[in-house]
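Visitor: What follows is structure_24.txt, compact mmCIF, C-alpha atoms and all ligand atoms.
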```txt
# COMPACT_ATOMS: atom_id res chain seq x y z
CA TYR L 1 36.75 6.21 9.10
CA ALA L 2 39.35 5.87 11.79
CA ALA L 3 39.65 2.80 13.99
CA LYS L 4 41.70 2.80 17.16
CA ARG L 5 42.73 -0.25 19.08
CA ASP L 6 42.52 0.25 22.83
CA GLY L 7 42.59 -2.56 25.30
CA GLY L 8 40.77 -5.57 23.90
CA GLY L 9 38.13 -3.76 21.87
CA VAL L 10 38.07 -1.74 18.73
CA ARG L 11 36.57 1.72 18.90
CA VAL L 12 35.42 2.93 15.59
CA TYR L 13 34.61 6.50 14.90
CA ASP L 14 32.69 6.80 11.72
CA GLU L 15 32.15 10.46 10.90
CA ALA L 16 29.74 9.74 8.09
CA ALA L 17 27.62 7.44 10.26
CA ASP L 18 27.59 10.06 13.00
CA ALA L 19 26.37 12.71 10.57
CA ARG L 20 23.76 10.25 9.32
CA ASP L 21 22.51 9.65 12.88
CA ARG L 22 22.19 13.40 13.50
CA ASP L 23 20.40 13.73 10.21
CA GLU L 24 17.94 10.99 11.17
CA MET L 25 17.28 12.62 14.52
CA THR L 26 16.52 15.91 12.80
CA LEU L 27 14.24 14.16 10.33
CA ALA L 28 12.46 12.29 13.16
CA ASP L 29 11.91 15.60 15.00
CA GLU L 30 10.60 17.26 11.87
CA LEU L 31 8.30 14.32 11.22
CA ARG L 32 6.86 14.46 14.71
CA THR L 33 6.33 18.22 14.50
CA MET L 34 4.79 17.90 11.05
CA LEU L 35 2.34 15.28 12.31
CA THR L 36 1.30 17.19 15.42
CA THR L 37 0.97 20.72 14.01
CA GLN L 38 -0.90 22.03 11.03
CA SER L 39 1.63 24.34 9.42
CA CYS L 40 5.12 24.09 10.79
CA GLY L 41 7.42 24.58 7.82
CA HIS L 42 8.28 20.91 7.60
CA GLY L 43 6.05 20.27 4.63
CA ASP L 44 3.20 17.80 4.56
CA LEU L 45 2.32 14.23 3.76
CA GLU L 46 1.09 13.69 0.24
CA LEU L 47 -0.62 10.63 -1.16
CA HIS L 48 0.17 9.31 -4.60
CA TYR L 49 -2.35 6.98 -6.19
CA GLN L 50 -1.60 3.93 -8.31
CA PRO L 51 -4.44 2.40 -10.36
CA GLN L 52 -5.58 -1.20 -9.93
CA LEU L 53 -7.17 -2.66 -13.06
CA ASP L 54 -9.61 -5.47 -13.68
CA CYS L 55 -7.72 -7.96 -15.88
CA THR L 56 -10.74 -8.94 -17.95
CA ASP L 57 -12.04 -5.53 -19.04
CA GLY L 58 -9.33 -3.08 -18.01
CA ARG L 59 -11.72 -1.16 -15.77
CA VAL L 60 -10.10 0.86 -12.97
CA VAL L 61 -11.40 -0.80 -9.83
CA GLY L 62 -9.06 0.63 -7.24
CA MET L 63 -6.33 3.07 -6.38
CA GLU L 64 -3.59 2.30 -3.87
CA ALA L 65 -2.66 5.32 -1.75
CA LEU L 66 1.09 5.50 -1.25
CA VAL L 67 2.46 8.08 1.13
CA ARG L 68 5.21 10.61 0.37
CA TRP L 69 6.55 13.47 2.45
CA ARG L 70 6.81 16.75 0.62
CA HIS L 71 9.78 18.17 2.52
CA PRO L 72 10.69 21.85 1.99
CA GLU L 73 14.45 21.25 1.74
CA ARG L 74 14.81 17.58 0.91
CA GLY L 75 12.14 17.35 -1.75
CA LEU L 76 9.65 14.53 -2.16
CA LEU L 77 10.63 11.72 0.20
CA PRO L 78 9.53 8.12 -0.51
CA PRO L 79 8.18 5.92 2.31
CA VAL L 80 11.49 4.11 2.65
CA ALA L 81 13.02 7.41 3.83
CA PHE L 82 10.70 7.92 6.80
CA ILE L 83 8.39 4.95 7.60
CA ASP L 84 10.92 3.13 9.79
CA LEU L 85 11.71 6.41 11.49
CA ALA L 86 8.02 6.97 12.18
CA GLU L 87 7.82 3.48 13.69
CA GLN L 88 10.92 3.98 15.84
CA THR L 89 9.74 7.32 17.19
CA GLY L 90 6.17 6.28 17.86
CA SER L 91 4.71 8.52 15.15
CA MET L 92 3.38 5.76 12.93
CA PHE L 93 -0.19 5.80 14.13
CA ALA L 94 -0.40 9.59 13.79
CA LEU L 95 0.98 9.25 10.27
CA THR L 96 -1.56 6.56 9.42
CA GLU L 97 -4.45 8.62 10.82
CA ARG L 98 -3.37 11.41 8.49
CA VAL L 99 -3.09 9.00 5.54
CA LEU L 100 -6.48 7.39 6.24
CA GLY L 101 -8.15 10.81 6.51
CA GLN L 102 -6.70 12.03 3.20
CA ALA L 103 -7.34 8.75 1.39
CA ALA L 104 -10.96 8.50 2.55
CA ALA L 105 -11.65 12.13 1.58
CA GLN L 106 -10.24 11.45 -1.90
CA ALA L 107 -12.15 8.18 -2.21
CA ALA L 108 -15.36 10.01 -1.29
CA ARG L 109 -14.62 12.59 -4.02
CA TRP L 110 -14.21 9.81 -6.58
CA GLN L 111 -17.39 8.14 -5.33
CA GLY L 112 -19.10 11.52 -5.71
CA ASP L 113 -17.88 11.69 -9.34
CA GLY L 114 -19.69 8.40 -9.89
CA ARG L 115 -16.52 6.34 -9.98
CA ASP L 116 -16.87 2.82 -8.67
CA LEU L 117 -13.39 2.42 -7.28
CA ALA L 118 -11.99 1.70 -3.83
CA VAL L 119 -8.95 3.37 -2.30
CA ALA L 120 -6.47 1.03 -0.60
CA VAL L 121 -4.39 2.13 2.39
CA ASN L 122 -1.42 0.22 3.84
CA LEU L 123 -1.47 -0.65 7.54
CA SER L 124 1.73 -1.51 9.40
CA THR L 125 2.01 -3.96 12.29
CA SER L 126 1.94 -1.27 14.97
CA CYS L 127 -1.20 0.19 13.39
CA LEU L 128 -3.03 -3.11 13.08
CA GLU L 129 -2.28 -3.71 16.75
CA HIS L 130 -3.08 -0.15 17.87
CA PRO L 131 -6.04 0.07 20.31
CA ARG L 132 -7.51 3.08 18.48
CA LEU L 133 -7.49 1.60 14.96
CA LEU L 134 -11.17 0.66 14.76
CA ASP L 135 -12.33 3.99 16.25
CA THR L 136 -10.12 5.78 13.75
CA LEU L 137 -11.58 3.83 10.84
CA ASP L 138 -15.11 4.66 12.04
CA ALA L 139 -14.24 8.33 12.42
CA VAL L 140 -12.60 8.48 9.01
CA LEU L 141 -15.68 6.97 7.33
CA ALA L 142 -18.03 9.29 9.23
CA ASP L 143 -15.97 12.41 8.47
CA SER L 144 -15.62 11.66 4.77
CA GLY L 145 -19.07 10.22 4.16
CA LEU L 146 -17.35 7.41 2.28
CA ARG L 147 -19.24 4.16 1.94
CA PRO L 148 -17.11 1.47 3.62
CA GLU L 149 -16.75 -0.55 0.39
CA GLY L 150 -14.82 2.43 -0.93
CA LEU L 151 -11.99 1.70 1.49
CA VAL L 152 -9.60 -1.25 1.52
CA VAL L 153 -6.81 -1.90 4.00
CA GLU L 154 -3.69 -3.67 2.76
CA ILE L 155 -2.00 -5.70 5.47
CA THR L 156 1.14 -7.70 4.78
CA GLU L 157 1.36 -11.38 5.46
CA THR L 158 4.20 -10.64 7.89
CA THR L 159 2.06 -8.19 9.88
CA LEU L 160 -0.82 -10.67 10.01
CA MET L 161 1.45 -13.40 11.34
CA HIS L 162 2.98 -11.18 14.05
CA ASP L 163 0.06 -11.91 16.36
CA PRO L 164 -2.26 -14.10 14.30
CA ARG L 165 -5.11 -14.41 16.80
CA HIS L 166 -5.31 -10.67 17.26
CA ALA L 167 -5.01 -10.15 13.51
CA VAL L 168 -7.96 -12.46 12.89
CA ALA L 169 -10.10 -10.57 15.42
CA VAL L 170 -9.18 -7.11 14.13
CA THR L 171 -9.53 -7.95 10.44
CA ARG L 172 -12.90 -9.52 11.21
CA ALA L 173 -14.00 -6.27 12.88
CA ILE L 174 -12.73 -4.33 9.86
CA ALA L 175 -14.50 -6.62 7.39
CA ASP L 176 -17.71 -6.49 9.47
CA ARG L 177 -17.77 -2.75 8.84
CA GLY L 178 -17.77 -3.42 5.11
CA ILE L 179 -14.18 -2.25 4.62
CA GLY L 180 -12.14 -4.45 2.27
CA VAL L 181 -9.14 -6.44 3.47
CA SER L 182 -6.24 -7.31 1.16
CA ILE L 183 -3.24 -9.44 2.13
CA ASP L 184 -0.25 -7.49 0.79
CA ASP L 185 3.05 -8.92 -0.48
CA TYR L 186 1.45 -12.35 -0.44
CA GLY L 187 3.96 -15.16 -0.79
CA SER L 188 6.92 -13.17 0.52
CA GLY L 189 6.34 -14.08 4.18
CA TYR L 190 5.39 -17.19 6.04
CA SER L 191 1.67 -17.35 6.51
CA SER L 192 -0.05 -20.31 7.97
CA LEU L 193 -2.80 -21.72 5.80
CA THR L 194 -4.81 -22.25 8.99
CA TYR L 195 -4.97 -18.52 9.66
CA LEU L 196 -5.39 -17.68 6.00
CA ASN L 197 -8.55 -19.73 6.17
CA GLU L 198 -9.80 -17.76 9.18
CA LEU L 199 -8.97 -14.31 7.86
CA PRO L 200 -11.96 -12.47 6.43
CA ALA L 201 -9.87 -11.10 3.55
CA GLY L 202 -11.35 -10.50 0.12
CA GLU L 203 -8.08 -10.36 -1.76
CA LEU L 204 -4.57 -11.75 -1.96
CA LYS L 205 -2.00 -9.36 -3.36
CA LEU L 206 0.72 -11.37 -5.02
CA ASP L 207 4.18 -10.13 -4.11
CA ARG L 208 6.06 -8.31 -6.84
CA SER L 209 8.89 -10.87 -6.81
CA PHE L 210 6.53 -13.49 -8.30
CA THR L 211 5.09 -11.10 -10.85
CA ALA L 212 8.60 -10.17 -11.97
CA ARG L 213 9.60 -13.76 -12.69
CA LEU L 214 6.30 -15.01 -14.06
CA THR L 215 7.19 -15.08 -17.75
CA SER L 216 10.81 -16.16 -17.37
CA ASP L 217 10.63 -18.91 -14.76
CA GLU L 218 8.53 -22.06 -15.04
CA ARG L 219 8.54 -22.72 -11.30
CA THR L 220 7.31 -19.21 -10.52
CA ARG L 221 4.56 -19.74 -13.06
CA ALA L 222 3.54 -22.92 -11.23
CA ILE L 223 3.51 -21.08 -7.89
CA VAL L 224 1.37 -18.28 -9.29
CA SER L 225 -1.08 -20.64 -10.91
CA GLY L 226 -1.31 -22.67 -7.68
CA THR L 227 -1.86 -19.47 -5.69
CA LEU L 228 -4.61 -18.42 -8.07
CA GLU L 229 -6.35 -21.73 -7.65
CA LEU L 230 -6.04 -21.52 -3.87
CA ALA L 231 -7.34 -17.94 -3.83
CA HIS L 232 -10.33 -18.75 -5.99
CA HIS L 233 -11.19 -21.89 -4.03
CA LEU L 234 -11.19 -19.77 -0.87
CA GLY L 235 -13.37 -17.15 -2.55
CA LEU L 236 -10.58 -14.58 -2.71
CA ARG L 237 -9.52 -12.35 -5.57
CA LEU L 238 -5.92 -12.30 -6.71
CA ILE L 239 -4.24 -9.03 -7.63
CA ALA L 240 -0.70 -8.98 -9.01
CA GLU L 241 1.52 -6.10 -7.92
CA GLY L 242 4.50 -4.84 -9.90
CA VAL L 243 3.23 -5.56 -13.41
CA GLU L 244 5.83 -3.86 -15.60
CA ASP L 245 5.37 -5.28 -19.10
CA ALA L 246 2.62 -6.33 -21.48
CA ALA L 247 3.80 -9.97 -21.68
CA THR L 248 3.33 -10.36 -17.92
CA ASP L 249 -0.03 -8.59 -18.06
CA ASP L 250 -1.20 -10.95 -20.84
CA ALA L 251 0.06 -14.02 -19.00
CA LEU L 252 -1.78 -12.99 -15.83
CA ARG L 253 -5.01 -12.42 -17.70
CA LEU L 254 -4.77 -15.78 -19.49
CA MET L 255 -4.11 -17.53 -16.19
CA GLY L 256 -7.28 -16.01 -14.74
CA CYS L 257 -5.75 -13.40 -12.44
CA ASP L 258 -8.40 -10.92 -11.34
CA ARG L 259 -6.55 -7.63 -11.08
CA ALA L 260 -3.25 -6.02 -11.98
CA GLN L 261 -1.29 -3.04 -10.69
CA GLY L 262 2.08 -1.78 -11.81
CA TYR L 263 4.24 0.60 -13.79
CA LEU L 264 2.89 -0.83 -17.08
CA HIS L 265 -0.45 0.78 -16.39
CA SER L 266 0.76 3.71 -14.32
CA ARG L 267 3.23 4.83 -11.70
CA PRO L 268 1.73 6.20 -8.48
CA MET L 269 0.51 9.74 -9.27
CA PRO L 270 -0.29 12.89 -7.31
CA VAL L 271 -4.04 13.40 -7.09
CA ALA L 272 -4.27 15.96 -9.91
CA ASP L 273 -2.43 13.61 -12.27
CA ALA L 274 -4.53 10.65 -11.13
CA ASP L 275 -7.66 12.66 -11.96
CA ALA L 276 -6.31 13.57 -15.39
CA TRP L 277 -5.29 9.94 -15.96
CA LEU L 278 -8.80 8.74 -15.06
CA ARG L 279 -10.42 11.28 -17.38
CA ALA L 280 -8.10 10.38 -20.25
CA ARG L 281 -8.99 6.74 -19.72
CA ASP L 282 -12.74 7.53 -19.69
CA ALA L 283 -12.33 9.25 -23.05
CA ALA L 284 -10.35 6.35 -24.51
CA THR L 285 -12.66 3.59 -23.26
CA PRO L 286 -15.59 2.79 -25.54
CA ALA L 287 -18.99 3.05 -23.87
CA GLU L 288 -20.14 -0.30 -22.57
CA VAL L 289 -23.19 -2.06 -23.93
CA GLY L 290 -26.29 -0.68 -22.27
CA ASP L 291 -24.57 2.58 -21.36
CA ALA L 292 -26.50 5.80 -21.77
CA ALA L 293 -23.57 7.31 -23.64
CA PRO L 294 -24.28 8.13 -27.30
CA ALA L 295 -22.94 5.64 -29.81
CA PRO L 296 -19.78 6.77 -31.60
CA THR L 297 -20.42 8.10 -35.08
P1 LIG Y 1 3.60 -1.81 -1.07
O1 LIG Y 1 2.37 -1.56 -0.28
O2 LIG Y 1 3.90 -3.23 -1.45
O3 LIG Y 1 3.46 -0.86 -2.33
C1 LIG Y 1 3.98 -1.15 -3.60
C2 LIG Y 1 5.28 -0.43 -3.87
O4 LIG Y 1 5.78 -0.88 -5.13
C3 LIG Y 1 5.16 1.08 -4.00
O5 LIG Y 1 6.39 1.68 -3.60
C4 LIG Y 1 4.96 1.26 -5.49
O6 LIG Y 1 5.34 2.54 -5.97
C5 LIG Y 1 5.90 0.21 -6.02
N1 LIG Y 1 5.50 -0.25 -7.35
C6 LIG Y 1 4.28 -0.20 -7.92
N2 LIG Y 1 4.28 -0.73 -9.15
C7 LIG Y 1 5.54 -1.16 -9.38
C8 LIG Y 1 6.19 -1.80 -10.50
O7 LIG Y 1 5.59 -2.09 -11.53
N3 LIG Y 1 7.51 -2.08 -10.35
C9 LIG Y 1 8.21 -1.77 -9.22
N4 LIG Y 1 9.50 -2.07 -9.18
N5 LIG Y 1 7.63 -1.17 -8.15
C10 LIG Y 1 6.32 -0.86 -8.23
P2 LIG Y 1 6.42 2.91 -2.59
O8 LIG Y 1 5.36 3.88 -2.90
O9 LIG Y 1 7.83 3.39 -2.52
O10 LIG Y 1 6.02 2.21 -1.22
C11 LIG Y 1 6.85 1.23 -0.66
C12 LIG Y 1 6.21 0.60 0.56
O11 LIG Y 1 6.06 1.57 1.58
C13 LIG Y 1 4.83 0.04 0.30
O12 LIG Y 1 4.91 -1.23 -0.29
C14 LIG Y 1 4.30 -0.01 1.71
O13 LIG Y 1 4.76 -1.15 2.38
C15 LIG Y 1 4.94 1.20 2.34
N6 LIG Y 1 3.96 2.30 2.38
C16 LIG Y 1 3.65 3.21 1.45
N7 LIG Y 1 2.69 4.05 1.89
C17 LIG Y 1 2.37 3.63 3.14
C18 LIG Y 1 1.42 4.07 4.14
O14 LIG Y 1 0.65 5.02 3.97
N8 LIG Y 1 1.41 3.36 5.33
C19 LIG Y 1 2.23 2.29 5.54
N9 LIG Y 1 2.14 1.65 6.71
N10 LIG Y 1 3.11 1.87 4.62
C20 LIG Y 1 3.18 2.52 3.44
MG MG Y 2 0.41 -2.12 -0.50
MG MG Y 3 2.63 -4.78 -1.84
MG MG Y 4 5.59 -4.79 -1.80
```
Could you write out this file's structure as structure tokens?

Guide:
Amino acid sequence: YAAKRDGGGVRVYDEAADARDRDEMTLADELRTMLTTQSCGHGDLELHYQPQLDCTDGRVVGMEALVRWRHPERGLLPPVAFIDLAEQTGSMFALTERVLGQAAAQAARWQGDGRDLAVAVNLSTSCLEHPRLLDTLDAVLADSGLRPEGLVVEITETTLMHDPRHAVAVTRAIADRGIGVSIDDYGSGYSSLTYLNELPAGELKLDRSFTARLTSDERTRAIVSGTLELAHHLGLRLIAEGVEDAATDDALRLMGCDRAQGYLHSRPMPVADADAWLRARDAATPAEVGDAAPAPT
């Protein structure tokens, strides 16, 4: 870049940054158009699903829905490429409505297949604080026919602490509907134990940074085991995110962690792959005692 000194200040012209800004504006426009029109040539949002497993028996108890944007020229964009943009341009609630609709429809399909698993959707701060959130959740359940226990909302500790009183009221209304509440990235923010006690959450989701250091760092191990104790005393489940290796998975199970999610078990998958993954797992899992399935010969 070129910098020119004029008067007291420094004017910097950064061609690359300028191009990047224009690029972002284009992307923001395309995002808005994509969210407000059905088919507009800017692709569509796509949900990828990552399994959540029960640590004790390996049963698939949930799927986290993670949004991607299938862009016609730029390919499959991860959330980091467009979530902030959606927030900045006021498109985040529209995006979340789309995500909730797709996720609930998929969860209802899995419920219809007889699968006892809940689909988890991430809610950002602006969405938790949006006046239409509860109406949208009601509409999404009604449209999909999904039983409310089939839906979980993941809300980060940071979002919950943005306006704690409001967060308590909204999460209570969500939980009253029978929808699950999970506190995402737990331990990475600053949550007050007072509010934690008031939140009607069913689950703490341990931040990946703790999971990653669990087997190599004694202090992290102490934090995780303390968190587990706290969670269980408060009647909450603990799920570890970012489980990447078998040693960590084993350690979590031995410590009494309830659930695990991470690359070890599966990356987030498009719905067709998630279905195939679930079927392959059905075939590999021995029938449980008392199951109607014929005994293996
Ligand atoms: P998150 O909710 O904490 O989701 C977990 C992220 O960690 C996902 O990244 C997932 O792919 C990744 N991950 C899962 N297992 C592992 C692992 O074993 N190792 C590592 N290193 N990473 C793992 P992704 O899909 O890129 O999403 C990033 C973030 O974007 C999410 O973090 C969430 O905050 C946000 N996000 C995704 N979808 C949505 C959405 O529909 N709405 C909102 N508001 N945010 C979303
Ligand atoms: Mg999450
Ligand atoms: Mg998380
Ligand atoms: Mg995270």

Visitor: What separation in Å, quoted to one decimal, exists between CA of Trp69 (chain L) and CA of Thr158 (chain L)?

Guide: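 Taking CA of Trp69 (chain L) as the start and CA of Thr158 (chain L) as the end point, the length is 24.8 Å.
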
Visitor: Find the distance between CA of Ser91 (chain L) and atom O3 of ligand LIG 1 (chain Y) and write it in Å to one decimal.

Guide: 19.9 Å

Visitor: Measuring atom to atom with all atoms listed in the file, identify which of L:Glu129, L:Asp250, L:Asp54, L:Glu73 is nearest to Thr215 (chain L).

Guide: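 Checking each of L:Glu129, L:Asp250, L:Asp54, L:Glu73 against Thr215 (chain L), counting all atoms listed in the file, the winner is L:Asp250.
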
Visitor: Go through the chains and note each residue within 8 Å of ligand LIG 1 (chain Y), using only C-alpha atoms and all ligand atoms, then give the set as number ranges by chain.

Guide: L: 47-48, 50, 64-68, 78-80, 83, 92, 95-96, 99-100, 121-125, 127, 154, 156, 184-185, 207-208, 241-244, 261-264, 266-268

Visitor: So that I can check the surroundings of Ala28 (chain L), please list as an MDAnalysis selection string every protein, DNA and RNA residue that reaches within 12 Å of it, counting all atoms listed in the file and ignoring chain neighbours fewer than 2 positions away.

Guide: chainID L and resid 21:26 30:35 42 81:92

Visitor: Can you write out the residues you just picked, keeping C-alpha atoms, as a PDB file, in the coordinates of the input?

Guide:
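Once everything was written out, this is result_25.pdb:
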```pdb
ATOM      1  CA  ASP L  21      22.510   9.650  12.880  1.00  0.00           C
ATOM      2  CA  ARG L  22      22.190  13.400  13.500  1.00  0.00           C
ATOM      3  CA  ASP L  23      20.400  13.730  10.210  1.00  0.00           C
ATOM      4  CA  GLU L  24      17.940  10.990  11.170  1.00  0.00           C
ATOM      5  CA  MET L  25      17.280  12.620  14.520  1.00  0.00           C
ATOM      6  CA  THR L  26      16.520  15.910  12.800  1.00  0.00           C
ATOM      7  CA  GLU L  30      10.600  17.260  11.870  1.00  0.00           C
ATOM      8  CA  LEU L  31       8.300  14.320  11.220  1.00  0.00           C
ATOM      9  CA  ARG L  32       6.860  14.460  14.710  1.00  0.00           C
ATOM     10  CA  THR L  33       6.330  18.220  14.500  1.00  0.00           C
ATOM     11  CA  MET L  34       4.790  17.900  11.050  1.00  0.00           C
ATOM     12  CA  LEU L  35       2.340  15.280  12.310  1.00  0.00           C
ATOM     13  CA  HIS L  42       8.280  20.910   7.600  1.00  0.00           C
ATOM     14  CA  ALA L  81      13.020   7.410   3.830  1.00  0.00           C
ATOM     15  CA  PHE L  82      10.700   7.920   6.800  1.00  0.00           C
ATOM     16  CA  ILE L  83       8.390   4.950   7.600  1.00  0.00           C
ATOM     17  CA  ASP L  84      10.920   3.130   9.790  1.00  0.00           C
ATOM     18  CA  LEU L  85      11.710   6.410  11.490  1.00  0.00           C
ATOM     19  CA  ALA L  86       8.020   6.970  12.180  1.00  0.00           C
ATOM     20  CA  GLU L  87       7.820   3.480  13.690  1.00  0.00           C
ATOM     21  CA  GLN L  88      10.920   3.980  15.840  1.00  0.00           C
ATOM     22  CA  THR L  89       9.740   7.320  17.190  1.00  0.00           C
ATOM     23  CA  GLY L  90       6.170   6.280  17.860  1.00  0.00           C
ATOM     24  CA  SER L  91       4.710   8.520  15.150  1.00  0.00           C
ATOM     25  CA  MET L  92       3.380   5.760  12.930  1.00  0.00           C
TER      26      MET L  92
END
```

Visitor: Report, in Å with one decimal, the straight-line distance from CA of Arg70 (chain L) to CA of Glu97 (chain L).

Guide: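 These atoms are spaced 17.2 Å apart.
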
Visitor: So which one's closest to ligand MG 3 (chain Y), L:Ile155, L:Ala280, L:Ile223, L:Ala272? Using only C-alpha atoms and all ligand atoms, please.

Guide: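 Among L:Ile155, L:Ala280, L:Ile223, L:Ala272, it is L:Ile155 that comes nearest to ligand MG 3 (chain Y).
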
Visitor: For ligand MG 2 (chain Y), which residue among L:Phe93, L:Tyr13, L:Tyr195, L:Tyr186 is the nearest when counting all atoms listed in the file?

Guide: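 Closest to ligand MG 2 (chain Y) of all the choices is L:Tyr186.
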
Visitor: Have a look at L:Val152, L:Leu134, L:Val168, L:Val60 and name the one nearest to Ala104 (chain L); count only C-alpha atoms.

Guide: L:Val152

Visitor: For each of L:Thr220, L:Thr227, L:Thr194, L:Gln102, take the minimum atom-to-atom distance to Leu206 (chain L), counting all atoms listed in the file, then give the residue where this is smallest.

Guide: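 Once distances to Leu206 (chain L) are computed over all atoms listed in the file, the minimum belongs to L:Thr227.
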
Visitor: Taking a cut-off of 10 Å and counting only C-alpha atoms, can you build a table that, for each residue of region 10-55 of chain L near region 257-260 of chain L, reports the nearest atom pair and how far apart they are in Å (one decimal), sorted by chain then residue number, as a Markdown table?

Guide:
```
| residue | atom | partner | partner_atom | distance |
| --- | --- | --- | --- | --- |
| L:Pro51 | CA | L:Ala260 | CA | 8.7 |
| L:Gln52 | CA | L:Ala260 | CA | 5.7 |
| L:Leu53 | CA | L:Ala260 | CA | 5.3 |
| L:Asp54 | CA | L:Arg259 | CA | 4.6 |
| L:Cys55 | CA | L:Arg259 | CA | 5.0 |
```

Visitor: Need the shell around Leu146 (chain L): protein/DNA/RNA residues with any atom at most 8 Å away, counting only C-alpha atoms. Skip same-chain ones fewer than 3 positions apart. Format as an MDAnalysis selection string?

Guide: chainID L and resid 104:105 107:108 111 141:142 150:151
